[in-house]
Amino acid sequence: MPSPVPLGEVMRRRDFVKAIASSTICFPLAARAQQPSVPVIGFLSTDSPDESEPVLAAFRDGLAKTGFIEGQNVAIEYRWARGQYDRMSELAADLVRRQVAVIAAMSLAAAQAAKAATTTIPIVFVTGDDPVKFGLVASLNQPGGNMTGITFLTPDLEAKRIEVLHAVAPNAMIAALVNPSFPASDVRLTVVRGAASALGLDLIVLNASSEQEIDTAFASVAERRIGALLVTSDPFLFGRRQQIANLAAQHAIPTLYFSREFAAAGGLMSYGANLSDAFRQSGLYAGRILKGEKPIALPVLQPTKFEFVINLKTAKALGLTIPPAVLALADEVIE
């Protein structure tokens with residue numbers, strides 16, 4: 001018969017078993033706590049998901065080039081204003097409360113809202129306007145603060161668009177479709193009116209801040225005998241590109257747009273920066289910031305190439321002949 005184990009030895013064994021059990025419970029928790037957390041990017045847009053698919057794909061591609069893949073080693077919190085500019089401040093504040101690592105602000109309105117919401121979280125913006133003039137950065141080469149990004153300075157191109165539209169429809173009364181809710185709409189109008197005046201043209205302004213108002217604006221095209229239309233650059237109008245291209249075809253009005261996506265949607269012509277390149281670069285910048293670079297050290301970038309696209313299929317449907325001199329300037333012809 002085995003000799004009895006001393007009471008002290010029993011107590012020591014019990015303490016040992018408890019220690020082992022405690023370590024097996026605590027170790028996995030401690031190991032999980034030591035694992036690096038996945039960084040979160042706040043994506044702030046004035047559009048809706050469906051309308052933003054081309055630029056969103058470009059943004060993700062830029063991120064991927066820096067080694068960040070959504071769902072694997074980075075997460076993205078999306079905030080969509082769905083064309084309601086007055087919601088931008090609320091959405092930006094929500095991302096700040098979420099304590100995201102970077103905010104990607106995909107328009108002037110988004111950038112302004114993000115700037116007002118935080119002075120510490122890095123912000124990468126994409127805007128068609130002058131970020132210095134609108135107070136986003138101190139200068140293009142030395143942004144300062146917590147913001148940097150990409151600008152394609154589209155107002156400077158509005159004058160050229162008026163010239164191209166006049167060359168295609170020399171005898172037509174020209175109108176400009178403008179979203180008055182856009183923070184830089186007055187900048188657009190000043191440039192467009194100046195260009196029209198230089199050509200001796202009386203410009204008609206059609207305002208639209210909703211889908212219904214876009215329909216109303218096109219209804220007035222026939223009533224006012226407008227012969228050509230310029231769609232001024234604006235994120236809201238970009239998000240309604242298919243609606244606008246369809247209405248232009250329905251009313252048989254030659255129309256010039258500010259991005260290739262309109263021409264791809266059936267619009268007649270577009271002239272502007274390559275938006276996909278701009279949003280891809282914003283993804284690259286966001287990834288570089290996640291890796292430790294500071295916005296203050298990343299200069300605001302500008303496009304080096306602008307695209308003139310003509311949709312000849314649409315021109316044929318309109319019974320319109322594009323002048324050879326204009327056709328020769330096209331970077332891309334859709335047939």
# chains A, B, ... in the order shown; residues from 1 in each chain; ligands from 1
call {"tool": "residues_around", "arguments": {"residues": "Ile162 in chain A", "least_positions_apart": "3", "cutoff": "12 Å", "atoms": "only C-alpha atoms", "output": "JSON, numbers by chain"}}
result
{"A": [155, 156, 157, 158, 159, 165, 166, 167, 168, 169, 170, 172, 173, 174, 175, 176, 188, 189, 191, 192, 193, 194, 195, 196, 197, 198, 199, 200, 201, 202, 203, 228, 229, 230, 231, 232, 255, 256, 257, 258, 269, 270, 271]}
call {"tool": "select_by_dssp", "arguments": {"residues": "range 15-249 of chain A", "states": "helix (DSSP H, G or I)", "output": "ChimeraX atom specification"}}
result
/A:15-34,53-65,85-97,108-117,155-168,185-198,211-223,235-239,241-249
call {"tool": "write_last_selection", "arguments": {"atoms": "C-alpha atoms", "output": "compact mmCIF listing (two decimals), in the first residue's frame"}}
result
# COMPACT_ATOMS: atom_id res chain seq x y z
CA ASP A 15 -0.91 25.31 -6.79
CA PHE A 16 1.16 23.99 -9.71
CA VAL A 17 -1.95 22.69 -11.54
CA LYS A 18 -3.72 26.01 -11.01
CA ALA A 19 -0.73 27.89 -12.37
CA ILE A 20 -0.63 25.70 -15.49
CA ALA A 21 -4.37 26.13 -16.05
CA SER A 22 -4.12 29.85 -15.57
CA SER A 23 -1.26 30.13 -18.04
CA THR A 24 -3.11 28.11 -20.71
CA ILE A 25 -6.08 30.43 -20.37
CA CYS A 26 -4.14 33.67 -20.27
CA PHE A 27 -1.52 32.95 -22.90
CA PRO A 28 -3.83 32.96 -25.93
CA LEU A 29 -5.39 36.21 -24.73
CA ALA A 30 -1.98 37.77 -24.24
CA ALA A 31 -0.85 36.53 -27.65
CA ARG A 32 -3.90 38.06 -29.30
CA ALA A 33 -3.31 41.33 -27.51
CA GLN A 34 0.22 41.45 -28.89
CA GLU A 53 -17.08 52.38 -58.44
CA PRO A 54 -14.49 53.54 -61.05
CA VAL A 55 -12.67 55.89 -58.67
CA LEU A 56 -12.99 53.48 -55.75
CA ALA A 57 -11.35 50.73 -57.79
CA ALA A 58 -8.52 53.13 -58.65
CA PHE A 59 -8.09 54.10 -54.99
CA ARG A 60 -7.86 50.43 -53.95
CA ASP A 61 -5.35 49.81 -56.74
CA GLY A 62 -3.15 52.62 -55.41
CA LEU A 63 -3.34 51.16 -51.91
CA ALA A 64 -2.40 47.74 -53.26
CA LYS A 65 0.73 49.18 -54.86
CA TYR A 85 -23.30 68.23 -49.38
CA ASP A 86 -24.85 69.37 -46.10
CA ARG A 87 -24.08 65.93 -44.60
CA MET A 88 -20.32 66.16 -45.04
CA SER A 89 -19.56 67.67 -41.62
CA GLU A 90 -21.56 64.99 -39.83
CA LEU A 91 -19.87 62.18 -41.76
CA ALA A 92 -16.37 63.60 -41.25
CA ALA A 93 -16.97 63.94 -37.50
CA ASP A 94 -18.10 60.31 -37.40
CA LEU A 95 -14.82 59.15 -38.93
CA VAL A 96 -12.86 61.21 -36.41
CA ARG A 97 -14.79 59.59 -33.55
CA LEU A 108 -13.43 69.64 -52.18
CA ALA A 109 -16.49 69.48 -49.91
CA ALA A 110 -15.18 66.28 -48.28
CA ALA A 111 -11.74 67.84 -47.77
CA GLN A 112 -13.21 70.98 -46.20
CA ALA A 113 -15.34 68.90 -43.84
CA ALA A 114 -12.40 66.67 -42.87
CA LYS A 115 -10.16 69.69 -42.25
CA ALA A 116 -12.78 71.22 -39.96
CA ALA A 117 -13.17 67.93 -38.08
CA PRO A 155 -11.53 75.45 -63.41
CA ASP A 156 -8.61 76.42 -65.61
CA LEU A 157 -9.93 73.95 -68.20
CA GLU A 158 -13.47 75.31 -68.34
CA ALA A 159 -12.43 78.07 -70.73
CA LYS A 160 -10.89 75.53 -73.09
CA ARG A 161 -14.09 73.46 -72.95
CA ILE A 162 -16.16 76.46 -74.04
CA GLU A 163 -13.80 76.98 -76.99
CA VAL A 164 -14.08 73.33 -78.08
CA LEU A 165 -17.86 73.32 -77.76
CA HIS A 166 -18.11 76.52 -79.81
CA ALA A 167 -15.89 74.99 -82.50
CA VAL A 168 -18.19 71.96 -82.75
CA SER A 185 -19.55 76.71 -58.30
CA ASP A 186 -18.90 80.48 -58.41
CA VAL A 187 -15.33 79.77 -59.56
CA ARG A 188 -16.68 77.66 -62.42
CA LEU A 189 -19.16 80.32 -63.49
CA THR A 190 -16.60 83.13 -63.46
CA VAL A 191 -14.28 81.23 -65.80
CA VAL A 192 -17.04 79.99 -68.10
CA ARG A 193 -18.70 83.37 -68.43
CA GLY A 194 -15.35 85.00 -69.17
CA ALA A 195 -14.58 82.46 -71.90
CA ALA A 196 -18.05 82.84 -73.46
CA SER A 197 -17.77 86.61 -73.41
CA ALA A 198 -14.38 86.47 -75.14
CA GLU A 211 -31.78 64.54 -59.96
CA GLN A 212 -35.17 66.20 -60.42
CA GLU A 213 -33.52 69.55 -61.09
CA ILE A 214 -31.30 67.92 -63.71
CA ASP A 215 -34.47 66.71 -65.48
CA THR A 216 -35.93 70.21 -65.23
CA ALA A 217 -32.76 71.80 -66.62
CA PHE A 218 -32.84 69.59 -69.69
CA ALA A 219 -36.54 70.25 -70.19
CA SER A 220 -35.68 73.94 -70.53
CA VAL A 221 -33.11 73.17 -73.24
CA ALA A 222 -35.80 72.80 -75.91
CA GLU A 223 -37.90 75.64 -74.53
CA PRO A 235 -18.71 65.56 -57.90
CA PHE A 236 -22.51 65.50 -57.72
CA LEU A 237 -22.86 65.86 -61.49
CA PHE A 238 -20.15 63.23 -61.97
CA GLY A 239 -22.25 60.84 -59.91
CA ARG A 241 -23.25 61.04 -65.42
CA GLN A 242 -25.46 58.31 -66.86
CA GLN A 243 -28.62 60.32 -66.25
CA ILE A 244 -27.07 63.41 -67.84
CA ALA A 245 -25.68 61.53 -70.87
CA ASN A 246 -29.06 59.90 -71.44
CA LEU A 247 -30.89 63.23 -71.23
CA ALA A 248 -28.42 64.86 -73.63
CA ALA A 249 -29.10 62.07 -76.13
call {"tool": "residues_around", "arguments": {"residues": "range 148-151 of chain A", "least_positions_apart": "4", "cutoff": "9 Å", "atoms": "only C-alpha atoms", "output": "count of residues only"}}
result
32
call {"tool": "closest_residue", "arguments": {"among": "A:Thr118, A:Ser210, A:Thr154, A:Thr304", "to": "Pro180 in chain A", "atoms": "only C-alpha atoms"}}
result
A:Ser210
call {"tool": "residues_around", "arguments": {"residues": "Ser259 in chain A", "least_positions_apart": "4", "cutoff": "8 Å", "atoms": "only C-alpha atoms", "output": "ChimeraX atom specification"}}
result
/A:263,270-275
call {"tool": "write_last_selection", "arguments": {"atoms": "N, CA and C atoms", "output": "PDB file, in the first residue's frame"}}
result
ATOM      1  N   ALA A 263     -18.065  60.390 -71.454  1.00  0.00           N
ATOM      2  CA  ALA A 263     -18.019  59.924 -72.842  1.00  0.00           C
ATOM      3  C   ALA A 263     -18.219  58.417 -72.909  1.00  0.00           C
ATOM      4  N   SER A 270     -15.514  64.794 -73.950  1.00  0.00           N
ATOM      5  CA  SER A 270     -15.026  65.154 -72.617  1.00  0.00           C
ATOM      6  C   SER A 270     -13.603  65.679 -72.738  1.00  0.00           C
ATOM      7  N   TYR A 271     -13.280  66.603 -71.854  1.00  0.00           N
ATOM      8  CA  TYR A 271     -11.919  67.125 -71.800  1.00  0.00           C
ATOM      9  C   TYR A 271     -11.562  67.385 -70.343  1.00  0.00           C
ATOM     10  N   GLY A 272     -10.522  66.723 -69.867  1.00  0.00           N
ATOM     11  CA  GLY A 272     -10.126  66.917 -68.475  1.00  0.00           C
ATOM     12  C   GLY A 272      -9.035  65.951 -68.076  1.00  0.00           C
ATOM     13  N   ALA A 273      -8.683  66.000 -66.801  1.00  0.00           N
ATOM     14  CA  ALA A 273      -7.663  65.109 -66.268  1.00  0.00           C
ATOM     15  C   ALA A 273      -8.195  63.688 -66.181  1.00  0.00           C
ATOM     16  N   ASN A 274      -7.284  62.737 -66.132  1.00  0.00           N
ATOM     17  CA  ASN A 274      -7.659  61.338 -65.959  1.00  0.00           C
ATOM     18  C   ASN A 274      -7.978  61.123 -64.483  1.00  0.00           C
ATOM     19  N   LEU A 275      -9.268  60.982 -64.155  1.00  0.00           N
ATOM     20  CA  LEU A 275      -9.680  60.869 -62.761  1.00  0.00           C
ATOM     21  C   LEU A 275      -9.179  59.584 -62.116  1.00  0.00           C
TER      22      LEU A 275
END
call {"tool": "closest_residue", "arguments": {"among": "A:Gln84, A:Asn141, A:Thr66, A:Ser45", "to": "Ile103 in chain A", "atoms": "only C-alpha atoms"}}
result
A:Ser45
call {"tool": "atom_distance", "arguments": {"atom1": "CA of Tyr78 in chain A", "atom2": "CA of Gln99 in chain A"}}
result
13.4 Å
call {"tool": "closest_residue", "arguments": {"among": "A:Ala264, A:Ile69, A:Ala75, A:Ala81", "to": "Ser52 in chain A", "atoms": "only C-alpha atoms"}}
result
A:Ala81
call {"tool": "select_by_dssp", "arguments": {"residues": "range 46-102 of chain A", "states": "strand (DSSP E or B)", "output": "JSON, numbers by chain"}}
result
{"A": [70, 74, 75, 76, 77, 78, 79, 80, 102]}
call {"tool": "atom_distance", "arguments": {"atom1": "CA of Val38 in chain A", "atom2": "CA of Asn146 in chain A"}}
result
21.4 Å
call {"tool": "atom_distance", "arguments": {"atom1": "CA of Met106 in chain A", "atom2": "CA of Gly71 in chain A"}}
result
20.8 Å
call {"tool": "residues_around", "arguments": {"residues": "Trp80 in chain A", "least_positions_apart": "4", "cutoff": "6 Å", "atoms": "only C-alpha atoms", "output": "list in words"}}
result
Ser45, Thr46, Asp47 and Ser48 of chain A
call {"tool": "residues_around", "arguments": {"residues": "Glu335 in chain A", "least_positions_apart": "2", "cutoff": "8 Å", "atoms": "only C-alpha atoms", "output": "compact mmCIF listing (two decimals) with C-alpha atoms, in the first residue's frame"}}
result
# COMPACT_ATOMS: atom_id res chain seq x y z
CA ASN A 311 -17.66 59.54 -78.88
CA LEU A 312 -18.25 59.27 -82.65
CA LYS A 313 -21.14 56.87 -82.12
CA VAL A 333 -12.09 58.24 -80.18
call {"tool": "closest_residue", "arguments": {"among": "A:Ser107, A:Ala184, A:Glu51, A:Asp331", "to": "Phe262 in chain A", "atoms": "only C-alpha atoms"}}
result
A:Glu51
